[in-house]
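Since the structure comes first, as C-alpha cells, the remarks are kept for the end.
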Amino acid sequence: MKMLRLFPLELRRLLQSRLTWLILLLTVLSPVLGLVLYKPATSTTMLSMYLANPAIAGGVAGAILFGLVAIFELDRARRSRVDILTDAVVSPLTTALTRLLALLTAAVLTAGLTMLVWLPISAGLIGSVFTGANYVLAYLLLMGLALPLGILAAAAAYQFTRRADLSIVLFIAFCALSLTVWADDWQLCWLNPCVWALSDDFSNFRVFRSVAWMRLTWLAALAGAWTVSYLCIRQYGKGIFGSLARSVRRVYRPVIAAALLACSVTAYAAQPFIDHSNPDLTVMSFYEIPYAEGVTFLSRSAQVFPDTSAGTVTGRASYQFQNTSGQEQSIFFGVNPGYTISNVKANGADVPFTVSGYQEYNEARLEVTIPAEEEVELTMEYSGFPQESLPTMQGGKELSGEYLCLENSALSPRVMNVMPGEEGYPAVIEVTLPETMIAIPFSSSQAEVISENADGTRTWRYEHNGAGGILYAGDYVREDIEAGGMTIQFYYGRKHQAVMEEAGAVEAVKAVVDYCTEHYGTLSFGSGETLKLIQSRVAGGGYAVGGASLLDEADFTIANLGDADKGAIPGEVFIHELVHQWWGLGNMFDTVDPTSPWSSEGLTVYTTYRIVKELYGEAYAQEHYVDQWRQAVDDYYLNFYVRNPEYLEVLPEAVQLGISNSLSSVRRYSEMPLKILKAEQLAGGEEAMDQILKGLFNRELDPMYPYLTYQEFLDACHLTEEELDLG
Amino acid sequence: MQLNIQHVSMTYPNGKQALKDLDLELKTPSLIGLLGPNGAGKSTLMKLLVAALMPTAGSILVDGEPLPKADRRLKAQLGYLPQDFGLFDELTVTEFLDYMAALKGLPDPKAAIRAVVRAVNLEEKARSRIRTLSGGQRQRVGIAQALLGDPPLLIFDEPTVGLDPEERIHFRNLFSRAAQDRLVLLSTHIIEDVQSVCDCLVVMDHGQVLFTGTPEELIRSAQGHVGVFWEREEAQEAGLHITARVNTSQGVRCRAVADQLPPYAQAEEPTLEDAYLYLTSREAVQ
Amino acid sequence: MGKIFRYECKRLLWNKFFFGLLLVSLFYGWQVLSGVTILGVSHTAPFSPWSFGDYLCRMVPLLWIGALFFLTFFTSGRARRAAVLTDAAPMPPRRYALARCAAALAGTALLALACLGEAAVFYGWYFKWYHWSTLLLPALVTLTPPLVFALGSGWLLGRLRPWLIYVWMPVPFALAALPLPEALGLWNGSFFTRYPLTLEALDPAFSLPPAAAAAQCVLLAAGAALLAARARQGRIRRQAGEAGI
C-alpha cells in the first residue's frame, strides 16, 4: 500500500523539523504547569497534586501544541506550494492520511518521552504512595489521549476550511469551550478531564474508566469528523461539496465516518457512570411515599458479589414481610440506577415489577407488587455497574480489589415504604471479597469470615439494623487501640502504612482519644465499647454514624502531615486531624466566614497544642505553637491591609474577599488559638478552660442550628470579643 | 571602473574547491556574460566580487586597490542581485526600496525609487506588501534595488529567472542600455540573453575560465565542429555530442558537435549555443 | 540611519507577533498585579516601590523573552537571505548594526513601558494612587540592566548560532529557581521580598544595598559592553551558510 511506503518518509520529514522538536520539548515540559499554574484537581492528595494536575496540564498544553503543529504541517505544503508537486504523484487523500499518521506517531513518541522524563520526578514528589499503575494510567489517559484528540480536531478544522488562520481560530475556540463552559461536564470536556481527586492509598479505576470513556467517545467523534473532513479534501479543482461528492463514491469511506460518529453518539448516550438523578436537591419525593398498608418488615438478607476486576456488583436480596392487609400491596425499593433487577419472586412465584425512569439522590424506584398473603418472602437479583450522581466528584463508587464502598441501594435494594417490625429492619449481609480485602460495615457491627472459597475469595457476614447500610472493604491494616475507655479499631490503607507509622499514628490516636475523652467527653457517635476509625478513599470530607467515623485520606497525606500550620511534626498534624473528630465532627461548625477567625480550626489547633504540651513538655509547645502563632499574628497585624483597612475597603468586593481569604487562614490557624489561649488565662487557667470546653462539647444542641458559635464560646468564658483582642 | 582578478582560488571550509587560479580583467564599459554549467563557480566568483567572500588565494583589485581595503568604495558603486535572496516581506515595495536607498546613502531616494520602479515595470505594485508579490515580481524588486542610484558596477546572478519572455527581453535591453557607460556582469544559463546583448563572454567550468572573448570569437571556435545527420545506431554516434533531435517524416534529424565530425555528417554554421556546448563538452572529454 | 531605524521599528513592532507578545505581557502582568502585587510584599503597600519592584521582577522573564524574540528578526532564515542584499550596500556595518540595535531596544522599551503603564492603570484603578515618580528608581534598577544584557548577550549568541537565542530565553526562569546570594536578589525577585524586612521599619523608603547596586551595575555594563563590541566590530566575513546579524 502506498501509504505504508510514504509513512516512514513523512515521519522522518516531520521529525527533521525544528518546530516539531520545539513542540515536543514544550509538551514534555508542560506538566510543570500543573504544579504551578493550572490545578483542576482540587483535592490535596499527593496523586491529585503531583500526578493528576501535571498530567492534565500536560494533556491540555500538549493537545493545543500538537493541534497547532498539525495545522502548521498541513498548511506547510500549501504555503510552500509543494502540494502542487506531491498531488501530481500521490492522491491528496493518501497524503492527508499519511500526515495524520505521522503526527499521531510523533504524539505517541512525545507521550512516551514525557512519561519517561516525569517518572523520577513524580516518584520523588509523590513518595511512598507512588505506584507504577497509577502513573501509567494517569499519563496515558489524562495526558496521552489528549494529543491525538488535539491533532484530529485541528486537522479536521484545516481540512474543512483549508485556511490556517481560520482553523487556528476554530481549534482554539474548541479548546476554550472545553476549558470553560464544558469544564464541569465530564463528557464534553474533551481537553481537560473532570478529575477532582486521585486516591493515594486506594485504587482509582473508577476515575480512570470514566476518563477513558470520555476520551474514547471523543476519539470516535473526532475521528469521525476527521474522516468527513478527509472526504472534503479538495480534488480536481472542485470545491468542498464537489470533492465530497467524489470522495464518497468509495462507499466504505462514508460508512467508516458514519460508524465512528454513531459509535461516539452511542457512547455519549449510553455512558454507564453517572445516573440521571433530579438535579434539584430539595426534592425528596422518595421519602414521601406512603407506607404500604398493613405491611411490616421482618428481616432481610443479601448476598453480594462484587466483581472487583470489572467494577460491577451482582447480588441476591431476600426480604420477609408480614402483610396483614389481605390485599396485594405495592412495595417500593430504592435501587442504584446502574443496576438491572431480575428474577423477582414472591413466595417462589414471579411477581410483576417496574423500575422508574425518574431518579433521585442516586436511586431509581423499583415497584414490586406482593401478593395478599400474610407471610411474604420476596427475593430478587440485581447486577450492574453502580452509578454515581456527581459528575464533578467521581470516584465515590470505586470498586476494585483494593477498595470498595457500597452505600445503601448500591449494596442491596433499599426498602422505602414498609414500616419497621418489632426489631426494626434487621438484616444479614454476606459479601464475597478477594482474600486481601477486609469487610468493614460502617456501623458498630462486626463482619466475620464465614467461608474461605476455592477461588481465593472469602465470604464475610455481618448483621445490621437498617433499611440501607454502608459497607467499606479494602486492603486495610487494622490496629486495635485501647483508649478513652473503649477500643478504637483504626483501619487504614496498606499503602499508607509507612506514612502512618512515621507519623506515629497509633500513639497519636491513643493520645488524642485519651485526652479528648478525659477533657471533653466521649464522642456521641461512639457505641460505648468500640469506635471504628476508617480511613476512606478521598471523598471531600469525613462523616460519622453510631460506632464508626470516617477519616478522609486527604487529611493524612504526606504533604498535609508536613503542613507546619497544623503542627510542628507529622505526628502532630495527625493529632490535629484526629482532634477534628471532637471539634469539627463531634461538634460541628458553620461554614467559614472570611471576616471572622472562628472555625473548627481554632479549637482544634488549641487542643493539639494542649496535647503536645502534655506529650512533649511546655517548652516544646511554647516554641512550636505559641511562639509560631505569635509570629504569624504579628506578621498579620503588620500586613498593609490590616494596618490600613481603608485601602481594602476601596477595592471591589470580589477582590476584598480574595484578600480576606488569603489572610483568613492566619486568623483561623494562629489568631484564634492565641485568643483561646488568652481566654484560658482570663478564665482562670487550663482547668477552667477544660471545663468550659467540656460544657460546650456536651451542650444541648439546637437541631435547627447545631453549630458551635463564637458567641457561645465567649458566653461560656464570660468574656467579650474585645477582651480577647490581641492588640 | 576596472576589476582585476589575479590568481584567485577559493576553497570552502568543507573542502570544496570552487575556483582554481582564476585570472580575469573586467573594464567599463562592457556587458560581460558569465556562462557555465551548474557548479562551475559563477556564483562564487560573484560573491568574491561583491566582497561577500574572501578568496583563499590571490587578490581582487578595484581600480588597482586590493579589495578588503577598497570594500567601501566598491560597495558605494555596486548594484548587486544575487541568485538567491530574501526581501522584507512585511514592507511594501516602495518602503523596501527606500530602506535599501538609505543603506546605500542615496541623496534623493524618492526620485531614484521612482526611476527604478518604472524601469522594472512595478508601478502598479509600488504600494503592495512584498509578501503579496508573485515570484517574477519579487525578482523585479531584486533587480530594482540593484539599479537604485545608477551604480557604475552592476552584478546580476541569474536575473531573468522567473520572468516571462516579454519581461526577459525588456530586462535584456535594460542591461544593454546600462552597459553603455557601466560595467555589467551577467551570469546566466540562458544563452539567448547573452548572445543578443553581451559584448564579452566568460565561460567557466570546474572553477576555471575556459574562454574569454566576444560571442563571435566563441562561435568561430566551433566552426567545422557542428554537423547534422540522420539518426544511426547508438554505437555509431560515439564521440558526438547531440544538441538537437528533430523528428521528420524521413526519420530523425540530429544536430551534433564533435572534435571530428564523422563522414556521414553534413557541416553546419554553428550558433552560440553550439559553440558553448562544444566548448564545455570538449572540456568534459578532456 | 534614522530611516533604517524607522523601518526596522516598523518591521519589529508593526506585526501580529509584537501585538501578540504585548497582549500576553499585559495579560500576565494583570494576573501578577491582581493576584500577587495587590497583596503587597513584605508588609508594604501594593504600590510601594518594593511591591512594584517585585511585580517588575516577575515581568522580567517575559520582557527578556520579548527582547530576544526581537533579535530573531535579524537572525531568522528569511532575514539571512535578505542580508545578501543589505550586505552589498555601502553603509558602514557599525552604523547599520547600531540602527538595528536601537530598534530592538525601542521594541523592548515599548514592551517594558506597556508593563509600567499597566501598573500605573492598576494603581489608579484600584487605589486611586498616582505618585508614580517614587517608582521610577526601582523600575530603572530592576529593568534596565537585565534588558540591556538580554540584548547584548542575545546579539552575541545570535551571531554565533541563531538557535542559541532560543536556548538563552529560559535563563530567567532558571535563575528564579536558583537560590541566588543576596547581592543577586534582583535577578530572581527575592530582593524585594527579603530586603525590606531587614530594614526594621514599617513601609521603608526604597534603598539599594551596595552589593545589589554593584551587581546591577556589572550586569548593565556587561550588556552595554556586548552591544558596543558588536557595534564596533567591522564586517563579518561570511562563509556560505554562516549566519550573521
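Ordering of the C-alpha cells sets the chain letters (A, B, ...); residue numbers start at 1 within each chain; ligands are numbered from 1 in the order shown.
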Write down, as an NGL selection string, each residue of chain B that has any atom within 7 Å of an atom of chain C, counting only C-alpha atoms.
:B and (50 or 52-53 or 72 or 75-76 or 80 or 85-88 or 90 or 99 or 102-105)
Range 86-167 of chain C: residues DSSP assigns to helix (DSSP H, G or I), reported as a ChimeraX atom specification:
/C:86,93-127,132-160,164-167
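Near chain C, within 7 Å and counting only C-alpha atoms, the residues of chain A are Leu638, Asn639, Phe640, Tyr647, Val650, Leu651 and Ile659 of chain A.
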Selection to disk with N, CA, C and O atoms, as a compact mmCIF listing (two decimals), in the first residue's frame:
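Output below, filename out11.txt:
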```txt
# COMPACT_ATOMS: atom_id res chain seq x y z
N LEU A 638 1.01 43.32 60.87
CA LEU A 638 1.85 44.25 60.09
C LEU A 638 1.37 44.36 58.65
O LEU A 638 1.80 45.24 57.91
N ASN A 639 0.50 43.43 58.25
CA ASN A 639 0.04 43.44 56.87
C ASN A 639 -0.56 44.80 56.52
O ASN A 639 -1.26 45.41 57.33
N PHE A 640 -0.27 45.23 55.31
CA PHE A 640 -0.67 46.57 54.89
C PHE A 640 -2.18 46.79 55.04
O PHE A 640 -2.63 47.82 55.52
N TYR A 647 -7.79 51.00 52.60
CA TYR A 647 -7.39 50.59 51.25
C TYR A 647 -8.11 49.32 50.83
O TYR A 647 -8.38 49.10 49.66
N VAL A 650 -11.67 50.22 49.63
CA VAL A 650 -11.89 50.84 48.31
C VAL A 650 -11.86 49.80 47.18
O VAL A 650 -12.24 50.10 46.06
N LEU A 651 -11.41 48.61 47.52
CA LEU A 651 -11.29 47.60 46.46
C LEU A 651 -12.67 47.00 46.15
O LEU A 651 -13.54 46.98 47.01
N ILE A 659 -8.63 38.87 49.15
CA ILE A 659 -7.57 39.25 50.08
C ILE A 659 -7.91 38.76 51.49
O ILE A 659 -7.06 38.19 52.19
```
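In this structure, CA of Ser325 in chain A sits 24.8 Å away from CA of Asn343 in chain A.
For range 46-58 of chain A, the set of protein, DNA and RNA residues having any atom at most 7 Å away, when counting only C-alpha atoms and skipping those fewer than 6 positions along the same chain, is Thr27, Ser30, Pro31, Val32, Leu33, Gly34, Leu35, Tyr38, Lys39, Pro40, Ser122, Leu125, Ile126, Ala138, Tyr139, Leu142, Met143, Asn192, Ala197, Leu198, Ser199, Asp200, Thr557 and Ala559 of chain A.
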Sel. of strand (DSSP E) residues, range 164-361 of chain A, as a VMD selection string
chain A and resid 295 to 307 312 to 323 329 to 335 339 to 346 349 to 350 353 to 360
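Non-sequential neighbours of Asn38 in chain B (distance at most 10 Å, separation of 6 or more positions within a chain, only C-alpha atoms) are His189, Met204, Asp205 and His206 of chain B.
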May I have the selected residues written with N, CA, C and O atoms, as a compact mmCIF listing (two decimals), in the first residue's frame?
```txt
# COMPACT_ATOMS: atom_id res chain seq x y z
N HIS B 189 22.15 31.10 -17.36
CA HIS B 189 22.16 29.84 -18.12
C HIS B 189 21.58 30.04 -19.50
O HIS B 189 21.67 29.19 -20.35
N MET B 204 32.92 29.48 -17.92
CA MET B 204 33.63 28.82 -16.81
C MET B 204 33.15 27.39 -16.66
O MET B 204 32.00 27.08 -16.95
N ASP B 205 34.03 26.56 -16.17
CA ASP B 205 33.63 25.21 -15.75
C ASP B 205 34.64 24.69 -14.75
O ASP B 205 35.84 24.99 -14.89
N HIS B 206 34.17 23.97 -13.78
CA HIS B 206 35.04 23.39 -12.74
C HIS B 206 35.97 24.43 -12.12
O HIS B 206 37.15 24.16 -11.87
```
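In this structure, CA of Asp725 in chain A sits 12.8 Å away from CA of Ser596 in chain A.
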